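This is target-v9.txt (compact mmCIF, C-alpha atoms and all ligand atoms).
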```
# COMPACT_ATOMS: atom_id res chain seq x y z
CA MET A 1 23.37 -0.76 -32.17
CA THR A 2 20.76 -1.30 -29.49
CA SER A 3 19.18 -4.74 -29.17
CA ASN A 4 15.57 -5.84 -28.76
CA HIS A 5 16.46 -7.36 -25.42
CA ALA A 6 18.17 -4.22 -24.10
CA LEU A 7 15.19 -2.09 -25.07
CA PHE A 8 12.76 -4.50 -23.44
CA GLU A 9 14.83 -4.44 -20.24
CA ARG A 10 14.65 -0.64 -20.15
CA ALA A 11 10.96 -0.65 -21.07
CA ARG A 12 10.07 -3.11 -18.33
CA GLN A 13 11.46 -0.78 -15.68
CA LEU A 14 9.21 2.06 -16.77
CA MET A 15 6.07 0.71 -18.41
CA PRO A 16 3.75 -2.01 -17.09
CA GLY A 17 4.90 -5.20 -18.82
CA GLY A 18 7.28 -3.07 -20.90
CA VAL A 19 4.52 -2.10 -23.32
CA ASN A 20 1.70 0.33 -23.95
CA SER A 21 -0.83 -2.34 -24.95
CA PRO A 22 -0.82 -5.80 -23.34
CA VAL A 23 -0.71 -8.25 -26.24
CA ARG A 24 2.48 -6.63 -27.58
CA ALA A 25 4.37 -8.12 -24.63
CA PHE A 26 4.23 -11.71 -26.05
CA LYS A 27 2.91 -13.04 -22.72
CA SER A 28 0.62 -15.52 -24.42
CA VAL A 29 3.28 -16.99 -26.75
CA GLY A 30 6.24 -16.53 -24.39
CA GLY A 31 9.58 -14.88 -25.13
CA GLU A 32 10.23 -11.19 -25.69
CA PRO A 33 8.84 -8.82 -28.29
CA PHE A 34 10.96 -7.21 -30.96
CA PHE A 35 11.08 -3.43 -31.31
CA THR A 36 10.25 -2.12 -34.75
CA ALA A 37 12.54 0.52 -36.21
CA ARG A 38 10.72 0.96 -39.53
CA ALA A 39 8.08 -0.56 -41.77
CA ASP A 40 7.44 -0.63 -45.49
CA GLY A 41 4.92 -2.53 -47.65
CA PRO A 42 4.43 -6.03 -46.15
CA TYR A 43 7.56 -5.78 -43.98
CA LEU A 44 8.70 -4.67 -40.53
CA TRP A 45 12.39 -4.25 -39.60
CA ASP A 46 13.42 -4.51 -35.99
CA VAL A 47 16.12 -2.45 -34.28
CA GLU A 48 18.65 -5.23 -35.00
CA GLY A 49 17.95 -4.96 -38.74
CA LYS A 50 15.99 -8.23 -39.03
CA ARG A 51 13.13 -8.18 -41.55
CA TYR A 52 9.72 -9.75 -40.90
CA ILE A 53 6.80 -10.38 -43.25
CA ASP A 54 4.02 -8.81 -41.21
CA TYR A 55 0.55 -10.39 -40.87
CA VAL A 56 -0.49 -8.11 -38.01
CA GLY A 57 -0.55 -4.83 -39.95
CA SER A 58 -0.58 -2.72 -36.78
CA TRP A 59 -3.58 -4.82 -35.67
CA GLY A 60 -5.56 -4.08 -38.79
CA PRO A 61 -5.12 -0.55 -40.11
CA MET A 62 -2.36 -1.13 -42.64
CA ILE A 63 -4.51 -2.61 -45.42
CA VAL A 64 -2.50 -0.88 -48.17
CA GLY A 65 0.81 -1.95 -46.62
CA HIS A 66 3.10 0.04 -44.35
CA ASN A 67 4.32 3.50 -45.21
CA HIS A 68 2.32 3.81 -48.43
CA PRO A 69 3.71 6.77 -50.40
CA LEU A 70 0.30 8.36 -50.97
CA VAL A 71 -0.68 8.16 -47.30
CA ARG A 72 2.73 9.50 -46.31
CA GLN A 73 2.38 12.38 -48.78
CA ALA A 74 -1.10 13.26 -47.51
CA VAL A 75 0.23 13.37 -43.95
CA ALA A 76 3.23 15.46 -45.00
CA ASP A 77 0.94 17.94 -46.78
CA ALA A 78 -1.33 18.18 -43.74
CA ILE A 79 1.56 18.65 -41.33
CA GLY A 80 2.70 21.59 -43.41
CA GLN A 81 -0.48 23.39 -42.39
CA GLY A 82 -0.25 22.72 -38.64
CA LEU A 83 -0.85 19.79 -36.31
CA SER A 84 -4.09 20.57 -34.48
CA PHE A 85 -6.49 23.48 -34.68
CA GLY A 86 -9.25 22.91 -32.10
CA THR A 87 -11.72 24.40 -34.57
CA PRO A 88 -13.59 22.53 -37.29
CA CYS A 89 -11.42 21.79 -40.34
CA PRO A 90 -12.37 20.95 -43.95
CA ALA A 91 -10.95 17.39 -43.83
CA GLU A 92 -13.53 16.43 -41.17
CA VAL A 93 -16.33 17.30 -43.56
CA THR A 94 -14.73 15.30 -46.37
CA MET A 95 -14.31 12.39 -43.96
CA ALA A 96 -17.97 12.51 -42.92
CA GLU A 97 -19.03 12.69 -46.58
CA THR A 98 -16.79 9.70 -47.44
CA ILE A 99 -18.01 7.50 -44.57
CA THR A 100 -21.69 8.24 -45.15
CA ARG A 101 -21.28 7.56 -48.88
CA LEU A 102 -19.50 4.23 -48.36
CA LEU A 103 -21.85 3.05 -45.57
CA PRO A 104 -25.50 3.91 -46.23
CA SER A 105 -26.56 2.91 -42.66
CA VAL A 106 -24.39 5.76 -41.37
CA GLU A 107 -26.38 8.94 -41.98
CA MET A 108 -24.41 10.99 -39.45
CA VAL A 109 -21.02 10.38 -37.91
CA ARG A 110 -18.82 11.60 -35.03
CA MET A 111 -15.03 11.24 -35.17
CA VAL A 112 -13.13 10.16 -32.05
CA ASN A 113 -9.55 9.03 -31.33
CA SER A 114 -9.77 5.25 -30.89
CA GLY A 115 -12.03 2.25 -31.29
CA THR A 116 -12.53 2.17 -27.53
CA GLU A 117 -13.88 5.71 -27.53
CA ALA A 118 -16.21 4.85 -30.40
CA THR A 119 -17.77 1.84 -28.65
CA MET A 120 -18.06 3.61 -25.30
CA ALA A 121 -19.87 6.50 -26.95
CA ALA A 122 -22.13 4.19 -28.97
CA ILE A 123 -23.26 2.42 -25.81
CA ARG A 124 -23.91 5.71 -24.02
CA LEU A 125 -25.92 6.85 -27.02
CA ALA A 126 -27.92 3.61 -27.10
CA ARG A 127 -28.74 4.05 -23.42
CA GLY A 128 -29.58 7.74 -23.83
CA TYR A 129 -31.74 7.14 -26.88
CA THR A 130 -33.71 4.17 -25.54
CA GLY A 131 -33.83 5.18 -21.87
CA ARG A 132 -32.77 1.61 -20.99
CA ASN A 133 -29.66 0.52 -19.11
CA LYS A 134 -28.68 -3.01 -20.10
CA ILE A 135 -26.46 -3.95 -22.99
CA VAL A 136 -25.66 -7.30 -24.60
CA LYS A 137 -22.23 -8.39 -25.77
CA PHE A 138 -20.82 -11.72 -26.88
CA GLU A 139 -18.29 -13.94 -25.18
CA GLY A 140 -14.94 -13.63 -26.94
CA CYS A 141 -15.84 -10.34 -28.65
CA TYR A 142 -13.64 -7.37 -27.77
CA HIS A 143 -14.85 -3.79 -27.97
CA GLY A 144 -11.93 -1.97 -26.41
CA HIS A 145 -11.28 -1.42 -22.73
CA GLY A 146 -14.39 0.47 -21.63
CA ASP A 147 -15.76 -0.78 -18.31
CA ALA A 148 -19.01 -2.02 -19.83
CA PHE A 149 -17.15 -4.36 -22.19
CA LEU A 150 -14.70 -6.00 -19.78
CA VAL A 151 -17.29 -8.51 -18.77
CA LYS A 152 -17.68 -12.18 -19.57
CA ALA A 153 -20.56 -14.55 -19.01
CA GLY A 154 -21.06 -16.33 -15.72
CA SER A 155 -21.93 -19.99 -15.79
CA GLY A 156 -25.02 -19.48 -17.89
CA ALA A 157 -25.70 -17.08 -20.74
CA LEU A 158 -28.67 -15.56 -18.97
CA THR A 159 -26.89 -14.79 -15.73
CA PHE A 160 -25.68 -11.33 -14.91
CA GLY A 161 -22.17 -10.36 -16.02
CA VAL A 162 -19.08 -10.89 -13.93
CA PRO A 163 -16.25 -8.37 -14.35
CA THR A 164 -13.17 -9.80 -16.08
CA SER A 165 -10.94 -6.97 -14.86
CA PRO A 166 -10.53 -5.69 -11.31
CA GLY A 167 -11.63 -2.08 -11.29
CA VAL A 168 -14.89 -2.69 -13.12
CA PRO A 169 -17.60 -2.10 -10.50
CA ALA A 170 -19.95 -5.05 -10.12
CA GLY A 171 -22.88 -2.64 -10.30
CA LEU A 172 -21.83 -1.67 -13.80
CA ALA A 173 -20.91 -5.20 -14.89
CA ASP A 174 -24.43 -6.27 -13.86
CA LEU A 175 -25.75 -4.19 -16.73
CA THR A 176 -23.72 -6.11 -19.34
CA LEU A 177 -25.34 -9.37 -20.40
CA THR A 178 -23.10 -11.82 -22.22
CA LEU A 179 -24.15 -14.37 -24.83
CA PRO A 180 -22.36 -17.09 -26.80
CA TYR A 181 -21.47 -15.94 -30.33
CA ASN A 182 -23.21 -17.70 -33.23
CA ASP A 183 -26.02 -19.09 -31.04
CA LEU A 184 -29.29 -17.47 -32.06
CA ALA A 185 -31.41 -19.60 -29.74
CA ALA A 186 -29.50 -18.24 -26.72
CA ALA A 187 -30.11 -14.67 -27.90
CA GLU A 188 -33.82 -15.38 -28.37
CA ALA A 189 -34.06 -16.80 -24.85
CA LEU A 190 -32.31 -13.78 -23.33
CA PHE A 191 -34.51 -11.29 -25.17
CA ALA A 192 -37.65 -13.22 -24.21
CA GLU A 193 -36.70 -12.62 -20.60
CA GLN A 194 -35.05 -9.19 -20.60
CA GLY A 195 -35.76 -7.63 -24.04
CA PRO A 196 -37.60 -4.54 -22.71
CA ASP A 197 -34.56 -3.57 -20.58
CA ILE A 198 -31.91 -3.93 -23.30
CA ALA A 199 -30.69 -0.65 -24.81
CA GLY A 200 -28.20 -2.06 -27.30
CA LEU A 201 -26.67 -5.26 -28.58
CA ILE A 202 -23.07 -4.83 -29.69
CA ILE A 203 -21.33 -7.42 -31.83
CA GLU A 204 -18.27 -7.89 -33.99
CA PRO A 205 -20.09 -9.00 -37.15
CA VAL A 206 -17.05 -11.16 -37.93
CA ALA A 207 -15.41 -12.02 -34.63
CA GLY A 208 -11.74 -11.08 -34.82
CA ASN A 209 -10.69 -11.09 -31.20
CA MET A 210 -11.09 -14.81 -30.55
CA ASN A 211 -9.07 -15.59 -33.67
CA CYS A 212 -11.30 -15.23 -36.77
CA ILE A 213 -14.86 -16.56 -36.61
CA PRO A 214 -17.40 -15.60 -39.27
CA PRO A 215 -21.12 -15.44 -38.45
CA ARG A 216 -23.19 -18.53 -39.27
CA PRO A 217 -25.56 -18.01 -42.23
CA GLY A 218 -28.65 -16.14 -41.03
CA TYR A 219 -27.19 -15.33 -37.61
CA LEU A 220 -26.79 -11.57 -38.07
CA ALA A 221 -30.19 -11.34 -39.77
CA GLY A 222 -31.69 -13.17 -36.78
CA LEU A 223 -30.10 -10.67 -34.37
CA ARG A 224 -31.35 -7.78 -36.52
CA GLU A 225 -34.87 -9.13 -36.30
CA LEU A 226 -34.66 -9.68 -32.54
CA CYS A 227 -33.38 -6.14 -31.92
CA THR A 228 -36.07 -4.61 -34.10
CA ARG A 229 -38.78 -6.61 -32.33
CA HIS A 230 -37.59 -5.53 -28.88
CA GLY A 231 -36.71 -1.88 -29.61
CA THR A 232 -33.02 -2.59 -28.93
CA LEU A 233 -30.36 -0.82 -31.03
CA LEU A 234 -28.20 -3.18 -33.08
CA ILE A 235 -24.61 -1.93 -32.93
CA PHE A 236 -22.07 -3.38 -35.33
CA ASP A 237 -18.57 -2.93 -33.96
CA GLU A 238 -16.76 -2.60 -37.29
CA VAL A 239 -13.54 -1.28 -35.76
CA MET A 240 -11.82 -4.30 -37.27
CA THR A 241 -14.15 -5.35 -40.11
CA GLY A 242 -14.93 -1.84 -41.40
CA PHE A 243 -13.21 -1.25 -44.77
CA ARG A 244 -11.48 -4.63 -44.19
CA VAL A 245 -13.91 -7.39 -45.20
CA ALA A 246 -15.52 -5.18 -47.87
CA LEU A 247 -15.50 -1.50 -48.79
CA GLY A 248 -18.84 -1.16 -46.99
CA GLY A 249 -17.73 -3.36 -44.08
CA ALA A 250 -19.41 -6.51 -42.78
CA GLN A 251 -22.80 -4.80 -43.05
CA ALA A 252 -22.37 -4.64 -46.82
CA LEU A 253 -20.93 -8.15 -47.05
CA TYR A 254 -23.85 -9.73 -45.17
CA GLY A 255 -26.56 -7.26 -46.21
CA ILE A 256 -27.56 -6.18 -42.69
CA THR A 257 -28.45 -2.62 -41.63
CA PRO A 258 -27.35 -1.88 -38.05
CA ASP A 259 -28.72 1.11 -36.14
CA LEU A 260 -25.25 2.25 -35.07
CA SER A 261 -21.74 1.27 -36.20
CA THR A 262 -18.31 1.88 -34.73
CA PHE A 263 -15.06 2.23 -36.65
CA GLY A 264 -11.33 2.58 -36.05
CA LYS A 265 -8.12 1.12 -37.46
CA ILE A 266 -8.33 1.57 -41.30
CA ILE A 267 -10.37 4.76 -41.02
CA GLY A 268 -7.31 6.45 -39.50
CA GLY A 269 -4.77 5.17 -42.03
CA GLY A 270 -2.43 4.30 -39.14
CA MET A 271 -3.17 7.36 -37.01
CA PRO A 272 -5.18 7.24 -33.75
CA VAL A 273 -8.74 7.56 -35.05
CA GLY A 274 -12.17 6.09 -34.36
CA ALA A 275 -15.70 6.98 -35.37
CA TYR A 276 -19.28 6.09 -34.61
CA GLY A 277 -22.37 6.77 -36.60
CA GLY A 278 -25.76 5.57 -37.69
CA ARG A 279 -29.35 6.66 -38.13
CA ARG A 280 -29.81 10.41 -38.18
CA GLU A 281 -32.53 10.57 -35.50
CA ILE A 282 -30.30 8.60 -33.13
CA MET A 283 -27.09 10.53 -33.87
CA GLN A 284 -28.92 13.82 -33.36
CA GLN A 285 -29.12 12.91 -29.67
CA ILE A 286 -25.35 13.57 -29.43
CA ALA A 287 -24.14 16.92 -28.05
CA PRO A 288 -24.36 19.68 -29.10
CA SER A 289 -27.47 18.84 -31.14
CA GLY A 290 -28.81 16.58 -28.38
CA PRO A 291 -28.31 15.85 -24.67
CA VAL A 292 -25.98 12.79 -24.81
CA TYR A 293 -22.52 14.17 -24.05
CA GLN A 294 -19.34 13.17 -25.86
CA ALA A 295 -16.35 15.32 -26.83
CA GLY A 296 -12.62 15.22 -27.69
CA THR A 297 -9.75 17.74 -27.73
CA LEU A 298 -8.08 16.06 -30.71
CA SER A 299 -11.15 14.54 -32.39
CA GLY A 300 -11.16 15.13 -36.15
CA ASN A 301 -7.49 16.03 -36.02
CA PRO A 302 -6.41 17.35 -39.45
CA VAL A 303 -3.33 15.12 -39.78
CA ALA A 304 -5.26 12.00 -38.76
CA MET A 305 -8.07 12.90 -41.16
CA ALA A 306 -5.56 13.32 -43.99
CA ALA A 307 -4.06 9.86 -43.36
CA GLY A 308 -7.48 8.23 -43.14
CA LEU A 309 -8.82 9.94 -46.23
CA ALA A 310 -5.77 8.91 -48.27
CA MET A 311 -6.26 5.30 -47.21
CA LEU A 312 -10.00 5.40 -47.91
CA GLU A 313 -9.14 6.68 -51.38
CA LEU A 314 -6.73 3.82 -52.06
CA ILE A 315 -9.16 1.09 -51.01
CA GLN A 316 -11.74 2.36 -53.50
CA THR A 317 -9.52 1.21 -56.40
CA PRO A 318 -11.64 -1.21 -58.48
CA GLY A 319 -10.80 -4.85 -57.70
CA PHE A 320 -9.02 -3.99 -54.43
CA TYR A 321 -11.04 -6.41 -52.26
CA ALA A 322 -11.22 -9.20 -54.87
CA GLU A 323 -7.43 -9.23 -55.00
CA ILE A 324 -6.97 -9.24 -51.21
CA ASP A 325 -9.55 -12.02 -51.01
CA ARG A 326 -7.66 -14.06 -53.64
CA LYS A 327 -4.33 -13.64 -51.87
CA THR A 328 -5.77 -14.51 -48.47
CA ARG A 329 -7.20 -17.68 -50.02
CA VAL A 330 -3.80 -18.57 -51.51
CA LEU A 331 -2.28 -18.17 -48.04
CA THR A 332 -4.90 -20.16 -46.08
CA ASP A 333 -5.22 -22.90 -48.76
CA GLY A 334 -1.44 -23.16 -48.81
CA LEU A 335 -1.23 -23.43 -45.02
CA ARG A 336 -3.90 -26.12 -44.93
CA ALA A 337 -2.18 -28.13 -47.68
CA ILE A 338 1.07 -28.05 -45.69
CA ALA A 339 -0.75 -29.15 -42.53
CA VAL A 340 -2.32 -32.08 -44.41
CA GLU A 341 1.06 -33.02 -45.89
CA LEU A 342 2.61 -33.02 -42.41
CA GLY A 343 -0.35 -34.72 -40.73
CA VAL A 344 -1.05 -31.77 -38.41
CA PRO A 345 -4.73 -31.07 -37.66
CA MET A 346 -5.37 -27.47 -38.72
CA THR A 347 -8.45 -25.47 -39.72
CA THR A 348 -8.47 -22.00 -41.24
CA ASN A 349 -11.20 -19.37 -41.35
CA ARG A 350 -11.08 -16.32 -43.55
CA VAL A 351 -13.23 -13.38 -44.63
CA THR A 352 -11.65 -11.29 -47.42
CA GLY A 353 -8.42 -9.86 -45.91
CA MET A 354 -8.89 -11.34 -42.44
CA PHE A 355 -7.92 -14.89 -41.48
CA GLY A 356 -7.41 -17.30 -38.59
CA LEU A 357 -5.46 -20.53 -38.05
CA PHE A 358 -6.67 -23.11 -35.53
CA PHE A 359 -4.81 -26.23 -34.55
CA THR A 360 -7.79 -28.60 -34.48
CA ASP A 361 -9.49 -31.02 -36.87
CA GLN A 362 -12.91 -29.42 -36.18
CA THR A 363 -14.47 -26.49 -38.00
CA VAL A 364 -14.44 -23.50 -35.64
CA GLU A 365 -17.66 -21.50 -35.31
CA THR A 366 -17.82 -20.73 -31.59
CA PHE A 367 -15.76 -19.28 -28.75
CA ALA A 368 -15.73 -22.69 -27.02
CA GLN A 369 -14.32 -24.34 -30.16
CA ALA A 370 -11.70 -21.60 -30.56
CA THR A 371 -10.48 -21.93 -27.00
CA ALA A 372 -10.36 -25.76 -27.27
CA CYS A 373 -7.61 -25.61 -29.95
CA ASP A 374 -4.00 -26.61 -29.33
CA THR A 375 -2.52 -23.28 -28.21
CA ALA A 376 0.81 -24.85 -27.21
CA LEU A 377 1.29 -25.98 -30.82
CA PHE A 378 0.32 -22.49 -32.01
CA ASN A 379 2.92 -20.95 -29.71
CA ARG A 380 5.68 -23.21 -31.06
CA PHE A 381 4.57 -22.49 -34.63
CA PHE A 382 4.51 -18.74 -33.90
CA HIS A 383 8.12 -18.80 -32.69
CA GLY A 384 9.23 -20.98 -35.62
CA MET A 385 7.71 -18.45 -38.01
CA LEU A 386 9.21 -15.50 -36.15
CA GLN A 387 12.65 -17.09 -36.30
CA ARG A 388 12.16 -17.46 -40.08
CA GLY A 389 11.14 -13.81 -40.48
CA VAL A 390 7.34 -14.09 -40.49
CA TYR A 391 5.40 -12.17 -37.84
CA LEU A 392 1.99 -13.63 -36.96
CA ALA A 393 -0.15 -12.13 -34.21
CA PRO A 394 1.47 -13.15 -30.90
CA SER A 395 -1.61 -14.99 -29.58
CA ALA A 396 -3.72 -17.93 -30.74
CA PHE A 397 -6.80 -15.72 -30.29
CA GLU A 398 -6.12 -12.91 -32.74
CA ALA A 399 -7.07 -12.63 -36.39
CA GLY A 400 -4.38 -12.20 -39.05
CA PHE A 401 -4.46 -9.50 -41.72
CA LEU A 402 -3.22 -9.27 -45.29
CA SER A 403 -2.51 -6.02 -47.12
CA SER A 404 -2.47 -5.17 -50.81
CA ALA A 405 1.35 -5.09 -50.48
CA HIS A 406 1.51 -8.84 -49.74
CA ASN A 407 2.17 -10.16 -53.26
CA ASP A 408 2.35 -13.79 -54.38
CA ASP A 409 6.13 -13.92 -53.81
CA VAL A 410 5.69 -12.77 -50.22
CA ILE A 411 2.97 -15.36 -49.66
CA GLY A 412 5.17 -18.05 -51.27
CA GLU A 413 8.01 -17.13 -48.89
CA THR A 414 5.55 -17.32 -45.98
CA LEU A 415 4.42 -20.81 -47.02
CA ARG A 416 8.02 -22.07 -47.32
CA ALA A 417 8.68 -20.81 -43.80
CA ALA A 418 5.43 -22.40 -42.60
CA ARG A 419 6.40 -25.85 -43.90
CA ASP A 420 9.65 -25.78 -41.92
CA ALA A 421 8.12 -24.16 -38.83
CA LEU A 422 5.25 -26.64 -38.70
CA ARG A 423 7.52 -29.64 -39.22
CA GLU A 424 9.54 -28.42 -36.25
CA ALA A 425 6.52 -27.45 -34.10
CA ARG A 426 4.58 -30.74 -34.34
CA GLN A 427 5.60 -33.29 -31.78
N1 LIG B 1 -13.48 -3.04 -31.29
C1 LIG B 1 -12.84 -4.02 -31.95
C2 LIG B 1 -13.63 -5.00 -32.76
C3 LIG B 1 -11.45 -4.11 -31.90
O1 LIG B 1 -10.83 -5.09 -32.54
C4 LIG B 1 -10.74 -3.16 -31.13
C5 LIG B 1 -9.28 -3.22 -31.02
O2 LIG B 1 -8.63 -4.15 -31.41
C6 LIG B 1 -11.45 -2.16 -30.47
C7 LIG B 1 -12.83 -2.12 -30.57
C8 LIG B 1 -10.74 -1.12 -29.65
O3 LIG B 1 -10.08 -0.25 -30.49
P1 LIG B 1 -8.82 0.60 -29.93
O4 LIG B 1 -7.75 -0.38 -29.64
O5 LIG B 1 -8.50 1.53 -31.07
O6 LIG B 1 -9.29 1.33 -28.74
```

Rewrite the coordinates I just gave you, this time as C-alpha cells.
Amino acid sequence: MTSNHALFERARQLMPGGVNSPVRAFKSVGGEPFFTARADGPYLWDVEGKRYIDYVGSWGPMIVGHNHPLVRQAVADAIGQGLSFGTPCPAEVTMAETITRLLPSVEMVRMVNSGTEATMAAIRLARGYTGRNKIVKFEGCYHGHGDAFLVKAGSGALTFGVPTSPGVPAGLADLTLTLPYNDLAAAEALFAEQGPDIAGLIIEPVAGNMNCIPPRPGYLAGLRELCTRHGTLLIFDEVMTGFRVALGGAQALYGITPDLSTFGKIIGGGMPVGAYGGRREIMQQIAPSGPVYQAGTLSGNPVAMAAGLAMLELIQTPGFYAEIDRKTRVLTDGLRAIAVELGVPMTTNRVTGMFGLFFTDQTVETFAQATACDTALFNRFFHGMLQRGVYLAPSAFEAGFLSSAHNDDVIGETLRAARDALREARQ
C-alpha cells in the first residue's frame, strides 16, 4: 500500500508544491496533505484507508454528497455516447433552459470550463458592452486566477490596484480598483470619483474566500443602486453561492437582480464546468452573435453537462435547502456551545449550506476582522480534527460546506471530535 507521505514526496518532485491548486498543499495549516482514493456521501477515504467526514466538498460542488448514484448514472449514460463532440449537443440546450428558469436575471448563458473562465469572460463582456476599462473588486474576494482579479488594495481604497502576484502587469492591475467588503460608504466615494470609467463591479454576494462573510443588510441593494446610477454592470460572482445558498443563488436569497452572473462548482456536478450569463442585450454582445470574443474546445461538454444536470435535478427536491440550512445550524450552534463550554472565543457565520468558524469574540463582517482572528489556534484545531477523521478546509480563510449527505449522526460525530480537538488546541 502506498502512503500519503510517499505520494507527496513523488508529487513534490514533479508538480509545483506537489499539487495542482495551491491551497491543497496545506501550506497555511502546515503538515502534508492526504491523497484521496475514493469518496462517498459525506466521506473521503485516503490512500491509507483512513476515513474523513468532509466539510470541503471538493471546494463546493458536492452539495448532494460525493458519488451520488444518480449523478454517477447520468455520467455513465453520457459516456456511453462518447466523450466530446465539438458540435452542439442537446444537453447544452437543456442546461441553458434549466439555468435561465432557475435564475430569472440570466436570460442568456454561455457555458465554459471553470469559474475562472466565467469571471474573465464576464469582465471582458462588461468592458466590451460599456466601452469602459476599469473594474471594481473587493478585498478578500476571490474570482479565480485571471490577471484582473489578482489585485489587492493599496493603502487606501481609492488608490490604484497593486498586483498581488508577480506576472500581473502593473498597467493591467491599474485598471482594477479594490474596495473593502461590506462598506457602502467607501463604494459611494469611489464611484463619486471614478464612476464614469467603471465598466463592472464584481462581488461575491456572500464572501466565501475570506472564510464566510455575509453581506450586511442593505449592502447589496446599495451596490445595485450605485451601479445603476453610474451605468456600471453589477456582476455577481455566484461560482460558490450559486445553487448553494438557495436554488436561485444569493440573488434570490437577497432579492437583488445583477446584470451578469458567473457560476461554477455545483453547476458541473463535480466536473470542470463554469458559466456566465445575464441580460439578453448584454449577452448578445458575445461571439458569434456579437463582437466580444470568447470560445472553448470543451465548453458544453456532454459528460460535464450530464453531471451538472443530474445535480441540478437533485437540488430541486422540495425542502432541500431548508434541510441543509437546519443541519448547518445544528453544526454551527453545536460548535459555538462547545467553545463556550471550553472558554474559547469563537464566532460562526453561516448562510444555508455555507459556514465559517472564526477564533475571536467579535462578530465578523469585514476582511480586516476576518484576518485579525487567531489563525494559529485554527491551525491547531484543524489538525486535531483531521487526526480525529474530520476534514475542514485547510486554511482559516475558506468557507466550509455541508451536503445533503451529512446527516445528524455525522454532525454529532463531528461535534464529539470538535470538543476533544478544541480542548487540545486551546492553550
Ligand atoms: N469565483 C469564486 C467565488 C470562487 O470561489 C472560485 C473558486 O473557488 C472561482 C471564482 C474560480 O473558480 P475555478 O477554481 O473553477 O476557476

For this session: Write out as a ChimeraX atom specification which residues come within 10 Å of A:Gly308 when counting all atoms listed in the file, dropping same-chain ones fewer than 4 positions away.
Result: /A:61,71,74-75,91,95,264-273,302-304,312-314

Spatial neighbours of stretch 199-208 of chain A, max dist 8 Å, all atoms listed in the file, sep filter under 6 positions, as an NGL selection string
:A and (123 or 126-127 or 130-138 or 140-142 or 214-215 or 220 or 227 or 231-238 or 240-241 or 250-251 or 398-399)

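Straight-line separation from atom CA of A:Gly400 to atom CA of A:Thr347: 13.9 Å.
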
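Nearest-residue note for A:Gln387: choosing from A:Leu7, A:Gly31, A:Asn349, A:Ala246, the minimum distance belongs to A:Gly31, counting all atoms listed in the file.
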
Fewer than 5 positions away in the same chain doesn't count, so skip those; otherwise give me all residues within 12 Å of A:Gly319, counting only C-alpha atoms, as number ranges by chain. A: 246-247, 314, 324-326, 404

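Between atom CA of A:Ala368 and atom CA of A:Thr178 lies a distance of 14.0 Å.
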
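Closest to ligand LIG 1 (chain B) among A:Arg423, A:His230, A:Lys327, A:His143 is A:His143, based on all atoms listed in the file.
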
Item checked: Selection as JSON, numbers by chain: residues within 7 Å of (-6.6, 9.5, -31.1), counting all atoms listed in the file -> {"A": [112, 113, 114, 272, 273, 298, 299]}

Closest of A:Pro180, A:Gly144, A:Gly128, A:Pro88 to ligand LIG 1 (chain B), counting all atoms listed in the file, is A:Gly144

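Across the model, the gap from atom CA of A:Arg350 to atom CA of A:Thr363 is 12.1 Å.
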
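Of the residues listed (A:Gly242, A:Gly65, A:Gly290, A:Gly86), A:Gly242 shows the shortest atom-to-atom separation from ligand LIG 1 (chain B); distances use all atoms listed in the file.
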
Ligand LIG 1 (chain B) proximity check over A:Glu117, A:Glu9, A:Asp40, A:Glu32, using all atoms listed in the file: winner is A:Glu117

Nearest to ligand LIG 1 (chain B), restricted to only C-alpha atoms and all ligand atoms and choosing among A:Arg101, A:Arg336, A:His145, A:Arg329, comes out as A:His145

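Residues lying within 12 Å of (-11.3, 19.6, -46.3). Counted over only C-alpha atoms, they are Ala78, Pro88, Cys89, Pro90, Ala91, Glu92, Val93, Thr94, Met95, Ala96, Glu97, Thr98, Gly300, Asn301, Pro302, Val303, Met305, Ala306 and Leu309 of chain A.
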
Contact residues around A:Val245 with all atoms listed in the file at 8 Å, ignoring same-chain residues under 4 positions, as a tab-separated table (two decimals) with C-alpha atoms, keeping the file's coordinate frame:
```
chain	number	residue	atom	x	y	z
A	241	THR	CA	-14.15	-5.35	-40.11
A	249	GLY	CA	-17.73	-3.36	-44.08
A	250	ALA	CA	-19.41	-6.51	-42.78
A	253	LEU	CA	-20.93	-8.15	-47.05
A	321	TYR	CA	-11.04	-6.41	-52.26
A	351	VAL	CA	-13.23	-13.38	-44.63
A	352	THR	CA	-11.65	-11.29	-47.42
A	353	GLY	CA	-8.42	-9.86	-45.91
A	354	MET	CA	-8.89	-11.34	-42.44
```

Generate N, CA and C atoms for stretch 49-56 of chain A and emit them as a PDB file, in the frame of the given file.
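What landed in part_4.pdb:
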```
ATOM      1  N   GLY A  49      17.861  -4.882 -37.277  1.00  0.00           N
ATOM      2  CA  GLY A  49      17.950  -4.960 -38.740  1.00  0.00           C
ATOM      3  C   GLY A  49      17.310  -6.213 -39.326  1.00  0.00           C
ATOM      4  N   LYS A  50      16.648  -7.029 -38.500  1.00  0.00           N
ATOM      5  CA  LYS A  50      15.990  -8.230 -39.030  1.00  0.00           C
ATOM      6  C   LYS A  50      14.658  -7.844 -39.662  1.00  0.00           C
ATOM      7  N   ARG A  51      14.372  -8.475 -40.822  1.00  0.00           N
ATOM      8  CA  ARG A  51      13.130  -8.180 -41.550  1.00  0.00           C
ATOM      9  C   ARG A  51      12.074  -9.247 -41.273  1.00  0.00           C
ATOM     10  N   TYR A  52      10.838  -8.818 -41.112  1.00  0.00           N
ATOM     11  CA  TYR A  52       9.720  -9.750 -40.900  1.00  0.00           C
ATOM     12  C   TYR A  52       8.629  -9.472 -41.939  1.00  0.00           C
ATOM     13  N   ILE A  53       8.060 -10.531 -42.503  1.00  0.00           N
ATOM     14  CA  ILE A  53       6.800 -10.380 -43.250  1.00  0.00           C
ATOM     15  C   ILE A  53       5.719 -10.237 -42.182  1.00  0.00           C
ATOM     16  N   ASP A  54       4.914  -9.196 -42.297  1.00  0.00           N
ATOM     17  CA  ASP A  54       4.020  -8.810 -41.210  1.00  0.00           C
ATOM     18  C   ASP A  54       2.561  -9.175 -41.520  1.00  0.00           C
ATOM     19  N   TYR A  55       1.974 -10.050 -40.723  1.00  0.00           N
ATOM     20  CA  TYR A  55       0.550 -10.390 -40.870  1.00  0.00           C
ATOM     21  C   TYR A  55      -0.295  -9.782 -39.742  1.00  0.00           C
ATOM     22  N   VAL A  56       0.260  -8.789 -39.057  1.00  0.00           N
ATOM     23  CA  VAL A  56      -0.490  -8.110 -38.010  1.00  0.00           C
ATOM     24  C   VAL A  56      -0.981  -6.735 -38.517  1.00  0.00           C
TER      25      VAL A  56
END
```
